[in-house]
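Structure data (mmCIF, C-alpha atoms) from input-v8.cif:
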data_coords
loop_
_atom_site.label_atom_id
_atom_site.label_comp_id
_atom_site.auth_asym_id
_atom_site.auth_seq_id
_atom_site.Cartn_x
_atom_site.Cartn_y
_atom_site.Cartn_z
CA MET Q 1 172.00 9.10 68.89
CA GLU Q 2 175.38 7.46 68.82
CA ILE Q 3 178.56 9.23 69.90
CA LYS Q 4 182.16 8.14 70.16
CA LEU Q 5 184.16 9.33 73.15
CA GLU Q 6 187.63 8.82 74.45
CA VAL Q 7 187.53 9.20 78.23
CA ASN Q 8 190.68 8.77 80.29
CA ARG Q 9 192.28 6.87 77.38
CA LYS Q 10 189.39 4.42 77.03
CA HIS Q 11 187.23 4.41 73.92
CA TYR Q 12 183.46 4.29 74.15
CA ILE Q 13 180.61 4.14 71.69
CA LEU Q 14 177.51 5.32 73.51
CA ASP Q 15 173.85 5.70 72.70
CA VAL Q 16 172.78 9.03 74.24
CA THR Q 17 169.76 11.30 74.09
CA GLU Q 18 169.98 14.57 72.19
CA ASP Q 19 169.51 16.81 75.21
CA GLU Q 20 171.97 14.96 77.42
CA ARG Q 21 175.02 16.85 78.64
CA LEU Q 22 178.58 15.58 78.74
CA LEU Q 23 178.26 15.85 82.54
CA ASP Q 24 175.31 13.41 82.49
CA VAL Q 25 177.13 11.01 80.19
CA LEU Q 26 180.19 10.93 82.45
CA ARG Q 27 178.30 10.56 85.72
CA ASN Q 28 175.28 8.45 84.77
CA ARG Q 29 176.47 6.34 81.87
CA LEU Q 30 180.14 5.89 82.73
CA GLY Q 31 179.83 6.10 86.52
CA LEU Q 32 182.56 8.75 86.69
CA THR Q 33 181.07 10.65 89.60
CA GLY Q 34 184.26 12.55 90.41
CA THR Q 35 182.96 15.22 88.02
CA LYS Q 36 180.59 17.30 90.16
CA GLU Q 37 177.53 19.29 89.24
CA GLY Q 38 177.55 22.55 91.15
CA CYS Q 39 175.54 25.35 89.59
CA GLY Q 40 174.67 23.60 86.33
CA GLU Q 41 175.03 26.86 84.42
CA GLY Q 42 178.71 27.35 83.76
CA GLU Q 43 179.44 29.65 86.69
CA CYS Q 44 181.19 27.48 89.26
CA GLY Q 45 183.54 25.16 87.36
CA ALA Q 46 182.87 22.12 89.60
CA CYS Q 47 182.06 20.09 86.47
CA THR Q 48 185.29 21.06 84.68
CA VAL Q 49 186.83 18.40 82.45
CA ILE Q 50 189.60 18.63 79.86
CA MET Q 51 188.39 18.20 76.28
CA ASP Q 52 191.08 17.98 73.59
CA GLY Q 53 193.53 19.67 75.94
CA LYS Q 54 191.26 22.55 76.99
CA THR Q 55 189.06 22.91 80.01
CA VAL Q 56 185.30 23.10 79.52
CA ASN Q 57 182.30 23.10 81.83
CA SER Q 58 180.80 19.68 81.13
CA CYS Q 59 177.38 21.01 82.18
CA LEU Q 60 177.40 23.27 79.10
CA VAL Q 61 178.63 20.71 76.57
CA LEU Q 62 175.91 18.68 74.88
CA ALA Q 63 176.74 15.01 74.40
CA GLY Q 64 176.69 15.50 70.62
CA GLN Q 65 179.30 18.25 70.87
CA ALA Q 66 181.65 15.85 72.63
CA ASP Q 67 181.43 13.32 69.79
CA GLY Q 68 184.88 12.30 68.63
CA ARG Q 69 186.64 14.26 71.36
CA ARG Q 70 189.22 13.23 73.94
CA ILE Q 71 188.11 13.79 77.54
CA THR Q 72 190.08 13.73 80.77
CA THR Q 73 188.15 13.61 84.04
CA ILE Q 74 189.50 13.59 87.58
CA GLU Q 75 189.48 9.78 87.51
CA GLY Q 76 192.12 10.00 84.77
CA VAL Q 77 194.50 12.21 86.75
CA GLY Q 78 197.02 10.63 89.11
CA SER Q 79 196.34 7.68 91.39
CA ARG Q 80 196.24 7.05 95.11
CA ARG Q 81 199.78 5.73 94.99
CA SER Q 82 201.08 8.33 92.59
CA PRO Q 83 199.05 11.55 92.75
CA HIS Q 84 199.48 14.29 90.16
CA PRO Q 85 201.74 17.12 91.42
CA VAL Q 86 198.67 19.36 91.70
CA GLN Q 87 196.85 16.81 93.85
CA LYS Q 88 199.91 16.33 96.01
CA ALA Q 89 200.37 20.07 96.48
CA LEU Q 90 196.68 20.62 97.37
CA VAL Q 91 197.03 18.06 100.16
CA GLU Q 92 200.35 19.38 101.41
CA VAL Q 93 199.21 23.00 101.48
CA GLY Q 94 195.89 22.08 103.11
CA ALA Q 95 193.86 23.54 100.26
CA VAL Q 96 190.96 21.10 100.50
CA GLN Q 97 188.09 21.46 102.91
CA CYS Q 98 184.76 20.08 101.70
CA GLY Q 99 186.42 18.99 98.47
CA PHE Q 100 183.46 19.57 96.17
CA CYS Q 101 185.30 22.06 93.97
CA THR Q 102 188.57 20.13 94.09
CA PRO Q 103 188.17 17.87 91.02
CA GLY Q 104 187.47 20.93 88.87
CA MET Q 105 190.32 22.85 90.48
CA VAL Q 106 192.73 19.98 89.76
CA LEU Q 107 191.72 19.81 86.11
CA SER Q 108 192.00 23.58 85.59
CA ALA Q 109 195.43 23.54 87.24
CA LYS Q 110 196.57 20.51 85.26
CA ALA Q 111 195.43 22.05 81.96
CA LEU Q 112 197.22 25.28 82.87
CA LEU Q 113 200.49 23.54 83.75
CA ASP Q 114 200.33 21.23 80.72
CA GLN Q 115 200.23 24.31 78.52
CA ASN Q 116 202.36 26.63 80.60
CA PRO Q 117 204.65 24.79 83.05
CA LYS Q 118 206.03 28.02 84.54
CA PRO Q 119 203.07 30.34 84.96
CA THR Q 120 203.34 33.70 86.71
CA ASP Q 121 201.06 34.36 89.69
CA ASP Q 122 198.79 36.38 87.39
CA GLU Q 123 198.62 33.53 84.90
CA ILE Q 124 197.72 31.13 87.70
CA ALA Q 125 194.97 33.48 88.88
CA VAL Q 126 193.53 33.72 85.36
CA GLY Q 127 193.89 29.97 84.78
CA MET Q 128 191.96 29.22 87.97
CA SER Q 129 189.41 32.03 87.57
CA GLY Q 130 186.68 29.75 86.25
CA ASN Q 131 186.51 27.66 89.42
CA LEU Q 132 184.75 28.80 92.54
CA CYS Q 133 185.50 27.57 96.06
CA ARG Q 134 183.09 28.42 98.87
CA CYS Q 135 185.08 27.22 101.85
CA THR Q 136 188.89 27.02 101.62
CA GLY Q 137 189.34 30.41 100.10
CA TYR Q 138 191.56 30.89 97.13
CA ASP Q 139 194.84 31.71 98.80
CA LYS Q 140 195.82 28.14 99.62
CA ILE Q 141 194.55 26.81 96.31
CA LEU Q 142 196.61 29.31 94.34
CA ARG Q 143 199.60 28.58 96.58
CA ALA Q 144 199.20 24.87 95.86
CA VAL Q 145 199.16 25.49 92.11
CA ARG Q 146 202.32 27.58 92.46
CA LYS Q 147 203.94 24.74 94.45
CA ALA Q 148 202.86 22.16 91.87
CA SER Q 149 204.27 24.32 89.07
CA GLU Q 150 207.65 24.39 90.79
CA GLU Q 151 207.58 20.62 91.02
CA VAL Q 152 206.45 20.18 87.41
CA ALA Q 153 209.15 22.54 86.17
CA GLU Q 154 211.92 20.62 87.95
CA MET J 155 164.60 16.38 69.15
CA ASP J 156 166.92 15.69 66.24
CA TYR J 157 170.64 16.38 66.36
CA PHE J 158 172.65 16.93 63.20
CA ARG J 159 176.40 17.23 62.70
CA PRO J 160 176.88 18.59 59.17
CA LEU J 161 180.37 18.75 57.66
CA SER J 162 179.78 21.67 55.30
CA ILE J 163 177.92 24.98 55.18
CA GLU J 164 175.78 23.72 52.29
CA GLU J 165 174.71 20.69 54.28
CA ALA J 166 173.90 22.88 57.30
CA LEU J 167 171.76 25.24 55.20
CA GLY J 168 169.88 22.31 53.72
CA LEU J 169 169.10 20.96 57.17
CA ALA J 170 167.94 24.40 58.32
CA GLN J 171 165.11 24.50 55.79
CA GLN J 172 162.92 22.37 58.05
CA PRO J 173 161.09 24.60 60.55
CA GLY J 174 161.91 24.42 64.24
CA ARG J 175 165.59 23.70 63.85
CA LEU J 176 168.30 25.88 65.38
CA PHE J 177 171.99 26.25 64.65
CA LEU J 178 174.16 25.25 67.60
CA ALA J 179 177.47 27.13 67.95
CA GLY J 180 179.40 26.78 71.23
CA GLY J 181 176.18 26.18 73.11
CA THR J 182 177.13 27.93 76.35
CA ASP J 183 173.90 29.94 76.20
CA LEU J 184 171.74 27.73 74.00
CA SER J 185 172.06 24.61 76.16
CA LEU J 186 171.02 26.62 79.21
CA HIS J 187 168.04 28.15 77.42
CA MET J 188 166.93 24.64 76.49
CA ARG J 189 167.21 23.38 80.05
CA GLU J 190 165.27 26.36 81.32
CA GLY J 191 162.55 25.56 78.80
CA ARG J 192 162.87 29.00 77.19
CA ILE J 193 163.33 27.33 73.81
CA ASN J 194 162.19 23.93 72.59
CA PRO J 195 163.82 23.32 69.21
CA LEU J 196 162.72 20.32 67.14
CA GLY J 197 166.29 19.90 65.98
CA LEU J 198 169.80 21.20 66.59
CA ILE J 199 172.29 21.70 63.78
CA ASP J 200 175.69 21.49 65.45
CA LEU J 201 178.18 23.60 63.47
CA GLY J 202 181.20 22.27 65.37
CA LYS J 203 182.42 19.98 62.62
CA ILE J 204 182.56 22.60 59.86
CA ALA J 205 186.26 23.53 59.69
CA GLU J 206 185.66 26.43 57.29
CA LEU J 207 183.80 28.34 60.01
CA LYS J 208 186.79 28.34 62.38
CA GLU J 209 189.29 30.30 60.32
CA ILE J 210 190.93 33.63 61.11
CA ARG J 211 192.69 35.06 58.06
CA LEU J 212 193.69 38.15 56.10
CA GLU J 213 191.87 38.47 52.79
CA GLY J 214 192.82 41.57 50.81
CA GLU J 215 191.77 44.62 52.81
CA TRP J 216 189.83 42.58 55.35
CA LEU J 217 190.39 40.50 58.43
CA GLU J 218 188.02 37.55 58.19
CA ILE J 219 186.83 35.69 61.28
CA GLY J 220 184.75 32.53 60.97
CA SER J 221 181.67 32.49 63.16
CA MET J 222 182.73 29.30 65.00
CA THR J 223 186.03 30.79 66.18
CA THR J 224 186.14 30.56 69.96
CA PHE J 225 186.93 33.47 72.26
CA TYR J 226 190.02 31.54 73.31
CA ASP J 227 191.28 31.23 69.73
CA LEU J 228 190.63 34.94 69.09
CA GLY J 229 192.40 35.85 72.30
CA GLN J 230 195.45 33.80 71.27
CA SER J 231 195.65 35.21 67.74
CA ASP J 232 198.41 37.66 66.83
CA LEU J 233 196.35 38.81 63.86
CA ILE J 234 193.48 39.78 66.16
CA ARG J 235 195.84 41.44 68.63
CA LYS J 236 197.46 43.54 65.91
CA GLN J 237 194.45 44.31 63.74
CA ALA J 238 191.53 44.26 66.15
CA LYS J 239 192.88 45.18 69.55
CA ALA J 240 189.54 45.92 71.20
CA LEU J 241 188.20 42.52 70.22
CA TRP J 242 191.38 40.85 71.45
CA GLN J 243 191.01 42.61 74.79
CA ALA J 244 187.37 41.56 75.11
CA CYS J 245 188.39 37.96 74.47
CA GLN J 246 190.80 37.95 77.42
CA THR J 247 188.10 38.67 79.97
CA MET J 248 184.88 37.17 78.58
CA GLY J 249 183.45 34.55 80.96
CA SER J 250 186.09 32.18 82.30
CA PRO J 251 188.77 30.01 80.67
CA GLN J 252 186.24 27.18 80.37
CA ILE J 253 183.68 29.42 78.67
CA ARG J 254 186.27 31.01 76.37
CA HIS J 255 187.33 27.55 75.19
CA GLN J 256 183.80 26.80 74.06
CA ALA J 257 181.89 30.00 73.32
CA THR J 258 182.14 31.41 69.80
CA ILE J 259 182.02 34.90 68.32
CA GLY J 260 179.18 33.88 65.98
CA GLY J 261 177.19 32.53 68.91
CA ASN J 262 177.78 35.79 70.72
CA LEU J 263 175.94 37.60 67.91
CA GLY J 264 173.32 34.89 67.38
CA ASN J 265 172.37 34.88 71.04
CA CYS J 266 172.66 38.68 71.07
CA SER J 267 172.58 39.20 74.82
CA PRO J 268 172.51 42.91 75.71
CA ALA J 269 175.80 42.23 77.53
CA ALA J 270 177.53 40.28 74.71
CA ASP J 271 181.21 41.14 75.15
CA GLY J 272 182.14 40.62 71.51
CA LEU J 273 179.71 43.07 69.97
CA PRO J 274 180.95 46.52 71.11
CA PRO J 275 184.48 45.81 69.78
CA LEU J 276 183.13 44.52 66.46
CA LEU J 277 180.91 47.61 66.17
CA ALA J 278 183.77 49.98 66.94
CA LEU J 279 186.00 48.22 64.42
CA GLY J 280 183.39 48.73 61.70
CA ALA J 281 182.81 44.99 61.23
CA GLU J 282 180.54 43.59 58.57
CA VAL J 283 178.73 40.28 58.92
CA GLU J 284 178.44 37.63 56.25
CA LEU J 285 175.11 35.83 56.35
CA VAL J 286 174.20 32.81 54.27
CA SER J 287 170.92 30.96 53.80
CA ALA J 288 169.27 28.78 51.19
CA ARG J 289 168.04 32.08 49.68
CA GLY J 290 171.55 33.41 49.12
CA ARG J 291 174.31 35.48 50.68
CA GLU J 292 174.27 38.88 52.28
CA ARG J 293 176.96 41.16 53.62
CA VAL J 294 175.75 43.75 56.09
CA LEU J 295 177.29 46.20 58.52
CA LEU J 296 176.99 44.81 62.04
CA ALA J 297 175.64 48.20 63.17
CA ASP J 298 172.79 47.87 60.63
CA LEU J 299 172.14 44.21 61.39
CA LEU J 300 171.71 45.01 65.09
CA LYS J 301 168.82 47.33 64.20
CA ARG J 302 166.81 44.47 62.67
CA THR J 303 164.01 42.61 64.44
CA PRO J 304 164.23 39.69 64.39
CA LEU J 305 167.99 39.78 64.16
CA LEU J 306 168.09 36.91 61.67
CA GLU J 307 165.50 35.28 59.41
CA SER J 308 165.07 31.62 60.25
CA GLY J 309 167.48 29.36 58.40
CA THR J 310 170.10 32.12 58.22
CA LEU J 311 173.62 31.18 59.23
CA ILE J 312 176.20 33.67 60.48
CA LYS J 313 179.17 32.66 58.35
CA GLY J 314 181.62 35.14 59.75
CA PHE J 315 182.79 38.70 60.38
CA LEU J 316 184.87 40.99 58.19
CA ILE J 317 186.88 43.74 59.81
CA PRO J 318 188.30 46.42 57.50
CA LEU J 319 192.09 46.76 57.80
CA GLN J 320 192.18 50.52 58.29
CA GLY J 321 195.03 50.75 60.77
CA TRP J 322 192.77 52.19 63.45
CA ASP J 323 193.64 51.99 67.13
CA SER J 324 191.00 50.48 69.36
CA GLY J 325 190.33 49.70 73.00
CA PHE J 326 187.79 47.87 75.11
CA ALA J 327 186.84 47.91 78.79
CA LYS J 328 184.01 46.50 80.82
CA LEU J 329 182.55 46.69 84.26
CA GLY J 330 181.47 43.51 86.03
CA ARG J 331 180.62 42.71 89.62
CA ARG J 332 183.86 40.77 89.89
CA GLN J 333 186.93 40.10 87.78
CA ALA J 334 186.03 36.72 86.26
CA LEU J 335 182.75 35.02 85.39
CA ALA J 336 180.82 38.24 85.63
CA ILE J 337 178.26 39.24 83.03
CA ALA J 338 179.21 42.73 81.88
CA ARG J 339 177.10 45.42 83.55
CA LEU J 340 178.55 47.90 81.14
CA SER J 341 181.06 47.66 78.34
CA THR J 342 182.52 50.04 75.80
CA ALA J 343 184.79 49.91 72.78
CA PHE J 344 186.36 52.84 70.97
CA ALA J 345 188.19 52.89 67.66
CA LEU J 346 190.20 55.77 66.33
CA LYS J 347 191.88 56.79 63.09
CA ARG J 348 194.61 59.18 64.09
CA GLN J 349 197.29 61.16 62.39
CA ASP J 350 199.79 63.60 63.90
CA GLY J 351 197.92 63.82 67.19
CA VAL J 352 194.55 64.41 65.58
CA ALA J 353 191.53 62.14 65.88
CA LEU J 354 190.44 62.03 62.24
CA GLU J 355 187.60 59.57 62.75
CA VAL J 356 186.13 57.89 65.81
CA ARG J 357 183.68 55.11 66.53
CA ALA J 358 182.25 54.55 70.01
CA ALA J 359 180.17 51.52 71.00
CA PHE J 360 178.43 50.52 74.18
CA GLY J 361 177.17 47.20 75.53
CA ALA J 362 174.83 46.25 78.38
CA VAL J 363 173.15 49.62 77.89
CA GLY J 364 169.67 48.81 76.64
CA ARG J 365 168.50 45.88 74.55
CA ARG J 366 171.45 45.52 72.19
CA ALA J 367 174.97 46.87 71.77
CA PHE J 368 175.03 50.07 69.67
CA LEU J 369 177.27 52.70 68.11
CA SER J 370 176.79 56.28 69.25
CA GLU J 371 176.93 58.41 66.10
CA PRO J 372 176.59 61.80 67.84
CA LEU J 373 179.46 60.96 70.18
CA ALA J 374 181.64 59.76 67.29
CA GLN J 375 180.96 62.97 65.37
CA SER J 376 181.65 65.23 68.31
CA LEU J 377 185.06 63.61 68.79
CA SER J 378 186.15 63.43 65.15
CA GLY J 379 188.48 65.93 63.52
CA ARG J 380 189.87 67.20 66.80
CA VAL J 381 193.25 67.36 68.47
CA LEU J 382 193.83 64.46 70.86
CA ASN J 383 194.40 66.14 74.21
CA GLU J 384 193.05 66.29 77.73
CA SER J 385 189.91 68.15 76.74
CA TRP J 386 189.21 65.58 73.99
CA LEU J 387 189.38 62.88 76.63
CA GLU J 388 187.10 64.77 79.00
CA ASP J 389 184.60 65.34 76.19
CA ALA J 390 184.71 61.62 75.38
CA VAL J 391 183.85 60.84 79.00
CA LYS J 392 181.07 63.46 79.19
CA GLY J 393 179.70 62.49 75.78
CA SER J 394 179.61 58.82 76.80
CA GLN J 395 177.72 59.70 79.94
CA ASN J 396 175.17 61.61 77.87
CA ALA J 397 174.87 58.75 75.35
CA VAL J 398 174.28 56.21 78.12
CA ALA J 399 171.81 58.46 79.95
CA GLU J 400 169.85 58.93 76.74
CA ALA J 401 169.86 55.21 75.87
CA LEU J 402 168.70 54.12 79.31
CA GLY J 403 166.06 56.83 79.90
CA SER J 404 164.27 56.09 83.17
CA ARG J 405 165.51 52.52 83.65
CA ALA J 406 166.43 51.64 87.20
CA SER J 407 170.09 51.15 86.25
CA ALA J 408 170.38 54.60 84.62
CA PRO J 409 171.57 56.66 87.62
CA TYR J 410 174.38 54.15 88.22
CA LYS J 411 175.44 53.42 84.67
CA ARG J 412 175.46 57.01 83.42
CA VAL J 413 178.07 57.81 86.08
CA ALA J 414 179.95 54.49 85.95
CA VAL J 415 180.45 54.68 82.20
CA GLY J 416 182.92 57.51 82.78
CA GLY J 417 185.42 55.19 84.44
CA VAL J 418 184.91 52.43 81.91
CA VAL J 419 185.48 54.84 79.02
CA ARG J 420 188.64 56.23 80.63
CA GLN J 421 189.98 52.69 80.90
CA ALA J 422 189.18 51.84 77.28
CA LEU J 423 190.72 55.09 76.02
CA LYS J 424 193.80 54.61 78.15
CA THR J 425 194.50 51.25 76.54
CA MET J 426 193.70 52.67 73.11
CA LEU J 427 195.86 55.77 73.37
CA GLY J 428 198.53 54.18 75.60
CA GLY J 429 201.66 56.09 74.59
CA GLY J 430 201.35 55.54 70.85
CA ASN J 431 202.36 51.90 71.12
CA HIS J 432 199.77 50.68 68.71
CA ASP J 433 199.81 46.92 69.03
CA GLY J 434 200.53 46.60 72.72
CA ASP J 435 203.98 45.08 72.31
#

Let me see the file written as structure tokens.
Amino acid sequence: MEIKLEVNRKHYILDVTEDERLLDVLRNRLGLTGTKEGCGEGECGACTVIMDGKTVNSCLVLAGQADGRRITTIEGVGSRRSPHPVQKALVEVGAVQCGFCTPGMVLSAKALLDQNPKPTDDEIAVGMSGNLCRCTGYDKILRAVRKASEEVAE
Amino acid sequence: MDYFRPLSIEEALGLAQQPGRLFLAGGTDLSLHMREGRINPLGLIDLGKIAELKEIRLEGEWLEIGSMTTFYDLGQSDLIRKQAKALWQACQTMGSPQIRHQATIGGNLGNCSPAADGLPPLLALGAEVELVSARGRERVLLADLLKRTPLLESGTLIKGFLIPLQGWDSGFAKLGRRQALAIARLSTAFALKRQDGVALEVRAAFGAVGRRAFLSEPLAQSLSGRVLNESWLEDAVKGSQNAVAEALGSRASAPYKRVAVGGVVRQALKTMLGGGNHDGD
């Protein structure tokens, strides 16, 4: 089955199987392995990508459902030379340990700040509630999002 | 497996006449069931491109909600907040942001998990469901639909929900093992028609108590036509505990849930009665 995707501002026409997930398309067909598979059932948020401006778990989106949509993965956010404010803040605060959850965390934070540049602490907690971290703990991650929001708002 | 992306309801119904095909709504449950091998459809009919199914609107005396409306869209809607408070509340806490962006209210009914967060509010609000199939249309009270087995005949599409605009207050609360991403262990929604401090009519619904969400008629009757005061509240709590104990019988979860429901009901009623400020502004 053929689908059209826009991923990180590039357009693709791909031949995919019907039971393939967006996660599989990104990792296996496009080589975008920054999107991680954690639980594979929508619990952990490691596979979070932004689809038409909203975060989704790419492990729960079938390839056909992504047809015609605009996707942002971690590869499309910031660069080594010019990291996104969220990425910069995560490093500065020391909010990354193993890093497996980090791509998903960055995308949830970016989507939150794109929509709401000055979130309250409660809004940050809700915005990040779909992403689990098993090593850093949430305190530093939430602090980094707060720090990034101050930078974005300036 | 075939995968179809119809652009209209008519096209979708036509496709559904072949056996072995399933409608795909948000897919947050369906895609998992497929991966687990619990279902093996011959074809999926993805409803995501049918704009008509994503509308929220006022139509005469009814609030109409298309089945493909996401929990996120419901939770952002002023119409839902003002006219269907319990549903609006349920939409703030269902799943996670990622799930709310994708999961739909129609899928919530179609999948019909015992813990479906959307169903107790819709029950309490007296919602009707509009079903369509190649055989025709049907409008049925959600409470009646939930008593059917199977829930839907094959090839039947949930077009949407209709909530009567009766000016009732409503409230929802649930108990999960943590704040986000937790399947509800227990949920409740109440709706109330009140005048001059009297509860004229009441509806009380429970979720994650037995196989499907349900309305408790005896509880609703025992609370209707009475002055809203402390003893009304205590009777609502006690009555809910009895309703849950009866529904669960000797299930292992019964000793826990029949006690825990008291706190959940208090929370739902608190948001519903909250100082007479009806729309939460």

Inset, instruction - Mind giving me the straight-line distance from atom CA of Gly351 of chain J to atom CA of Gly321 of chain J in Å, one decimal? - result: 14.8 Å

Proximity of chain J to chain Q: per-residue shortest pair, 12 Å limit, only C-alpha atoms, as a tab-separated table:
residue	atom	partner	partner_atom	distance
J:Met155	CA	Q:Glu18	CA	6.4
J:Asp156	CA	Q:Glu18	CA	6.8
J:Tyr157	CA	Q:Glu18	CA	6.1
J:Phe158	CA	Q:Gly64	CA	8.6
J:Arg159	CA	Q:Gly64	CA	8.1
J:Pro160	CA	Q:Gly64	CA	11.9
J:Leu178	CA	Q:Gln65	CA	9.3
J:Ala179	CA	Q:Gln65	CA	9.5
J:Gly180	CA	Q:Val61	CA	8.1
J:Gly181	CA	Q:Leu60	CA	6.8
J:Thr182	CA	Q:Leu60	CA	5.4
J:Asp183	CA	Q:Leu60	CA	8.1
J:Leu184	CA	Q:Leu60	CA	8.8
J:Ser185	CA	Q:Leu60	CA	6.2
J:Leu186	CA	Q:Glu41	CA	6.6
J:His187	CA	Q:Glu41	CA	10.0
J:Met188	CA	Q:Asp19	CA	8.3
J:Arg189	CA	Q:Asp19	CA	8.5
J:Glu190	CA	Q:Glu41	CA	10.3
J:Gly191	CA	Q:Asp19	CA	11.7
J:Asn194	CA	Q:Asp19	CA	10.5
J:Pro195	CA	Q:Asp19	CA	10.5
J:Leu196	CA	Q:Glu18	CA	10.5
J:Gly197	CA	Q:Glu18	CA	9.0
J:Leu198	CA	Q:Glu18	CA	8.7
J:Ile199	CA	Q:Gly64	CA	10.2
J:Asp200	CA	Q:Gln65	CA	7.3
J:Leu201	CA	Q:Gln65	CA	9.2
J:Gly202	CA	Q:Gln65	CA	7.1
J:Lys203	CA	Q:Gln65	CA	9.0
J:Thr224	CA	Q:Lys54	CA	11.8
J:Tyr226	CA	Q:Lys54	CA	9.8
J:Asp227	CA	Q:Lys54	CA	11.3
J:Gln246	CA	Q:Val126	CA	9.4
J:Thr247	CA	Q:Val126	CA	9.1
J:Met248	CA	Q:Gly130	CA	10.8
J:Gly249	CA	Q:Gly130	CA	7.8
J:Ser250	CA	Q:Gly130	CA	4.7
J:Pro251	CA	Q:Gly130	CA	6.0
J:Gln252	CA	Q:Val56	CA	4.3
J:Ile253	CA	Q:Val56	CA	6.6
J:Arg254	CA	Q:Val56	CA	8.6
J:His255	CA	Q:Val56	CA	6.5
J:Gln256	CA	Q:Val56	CA	6.8
J:Ala257	CA	Q:Val56	CA	9.9
J:Arg332	CA	Q:Ser129	CA	10.6
J:Gln333	CA	Q:Ser129	CA	8.4
J:Ala334	CA	Q:Ser129	CA	5.9
J:Leu335	CA	Q:Glu43	CA	6.4
J:Ala336	CA	Q:Glu43	CA	8.8
J:Ile337	CA	Q:Glu43	CA	10.3

Now that the selection is made, can you save its residues with C-alpha atoms as a tab-separated table (two decimals), in the coordinates of the input?
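Okay, out-v2.tsv is ready:
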chain	number	residue	atom	x	y	z
J	155	MET	CA	164.60	16.38	69.15
J	156	ASP	CA	166.92	15.69	66.24
J	157	TYR	CA	170.64	16.38	66.36
J	158	PHE	CA	172.65	16.93	63.20
J	159	ARG	CA	176.40	17.23	62.70
J	160	PRO	CA	176.88	18.59	59.17
J	178	LEU	CA	174.16	25.25	67.60
J	179	ALA	CA	177.47	27.13	67.95
J	180	GLY	CA	179.40	26.78	71.23
J	181	GLY	CA	176.18	26.18	73.11
J	182	THR	CA	177.13	27.93	76.35
J	183	ASP	CA	173.90	29.94	76.20
J	184	LEU	CA	171.74	27.73	74.00
J	185	SER	CA	172.06	24.61	76.16
J	186	LEU	CA	171.02	26.62	79.21
J	187	HIS	CA	168.04	28.15	77.42
J	188	MET	CA	166.93	24.64	76.49
J	189	ARG	CA	167.21	23.38	80.05
J	190	GLU	CA	165.27	26.36	81.32
J	191	GLY	CA	162.55	25.56	78.80
J	194	ASN	CA	162.19	23.93	72.59
J	195	PRO	CA	163.82	23.32	69.21
J	196	LEU	CA	162.72	20.32	67.14
J	197	GLY	CA	166.29	19.90	65.98
J	198	LEU	CA	169.80	21.20	66.59
J	199	ILE	CA	172.29	21.70	63.78
J	200	ASP	CA	175.69	21.49	65.45
J	201	LEU	CA	178.18	23.60	63.47
J	202	GLY	CA	181.20	22.27	65.37
J	203	LYS	CA	182.42	19.98	62.62
J	224	THR	CA	186.14	30.56	69.96
J	226	TYR	CA	190.02	31.54	73.31
J	227	ASP	CA	191.28	31.23	69.73
J	246	GLN	CA	190.80	37.95	77.42
J	247	THR	CA	188.10	38.67	79.97
J	248	MET	CA	184.88	37.17	78.58
J	249	GLY	CA	183.45	34.55	80.96
J	250	SER	CA	186.09	32.18	82.30
J	251	PRO	CA	188.77	30.01	80.67
J	252	GLN	CA	186.24	27.18	80.37
J	253	ILE	CA	183.68	29.42	78.67
J	254	ARG	CA	186.27	31.01	76.37
J	255	HIS	CA	187.33	27.55	75.19
J	256	GLN	CA	183.80	26.80	74.06
J	257	ALA	CA	181.89	30.00	73.32
J	332	ARG	CA	183.86	40.77	89.89
J	333	GLN	CA	186.93	40.10	87.78
J	334	ALA	CA	186.03	36.72	86.26
J	335	LEU	CA	182.75	35.02	85.39
J	336	ALA	CA	180.82	38.24	85.63
J	337	ILE	CA	178.26	39.24	83.03

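Residues selected in this file by the PyMOL selection byres ((chain J and resi 292) around 12) comprise Glu282, Val283, Glu284, Leu285, Val286, Ser287, Ala288, Arg289, Gly290, Arg291, Arg293, Val294, Leu295, Leu296, Leu299, Leu306, Glu307, Thr310, Leu311, Ile312, Lys313, Gly314 and Phe315 of chain J.
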
Inset, instruction - Starting from the shown file, work through the PyMOL selection byres ((chain Q and resi 94-99) around 9) and note down what comes out as a PyMOL selection string. - result: chain Q and resi 89-93+100-103+133-144

Legend entry - Polymer residues at most 12 Å from Gly417 of chain J, all atoms listed in the file, same-chain spacing of 2 or more positions, as a list in words: Ala327, Lys328, Leu329, Leu340, Ser341, Thr342, Leu387, Glu388, Ala390, Val391, Lys392, Ser394, Gln395, Tyr410, Lys411, Arg412, Val413, Ala414, Val415, Val419, Arg420, Gln421, Ala422, Leu423 and Lys424 of chain J

Legend entry - Target residues per the PyMOL selection byres ((chain J and resi 297) around 12), formatted as a PyMOL selection string: chain J and resi 263+273-283+293-296+298-302+305+357-360+366-371

Inset, instruction - Excluding Lys36 of chain Q and residues on its chain fewer than 2 positions from it, collect all residues at most 7 Å away from it, counting all atoms listed in the file, and give them as an MDAnalysis selection string. - result: chainID Q and resid 33:34 38 46:47

Legend entry - Gap from atom CA of Glu123 of chain Q to atom CA of Asp323 of chain J - Å, one decimal: 26.1 Å

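Take atom CA of Ala205 of chain J and atom CA of Met222 of chain J: the distance between them is 8.6 Å.
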
Legend entry - Among the residues Q:Asn8, Q:Asn28, Q:Asn116, Q:Leu22, the one that comes closest to Ile74 of chain Q [using only C-alpha atoms]: Q:Asn8

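Taking all atoms listed in the file into account, the protein, DNA and RNA residues within 6 Å of (197.8, 27.6, 90.2) read Ala109, Ile124, Leu142, Val145 and Arg146 of chain Q.
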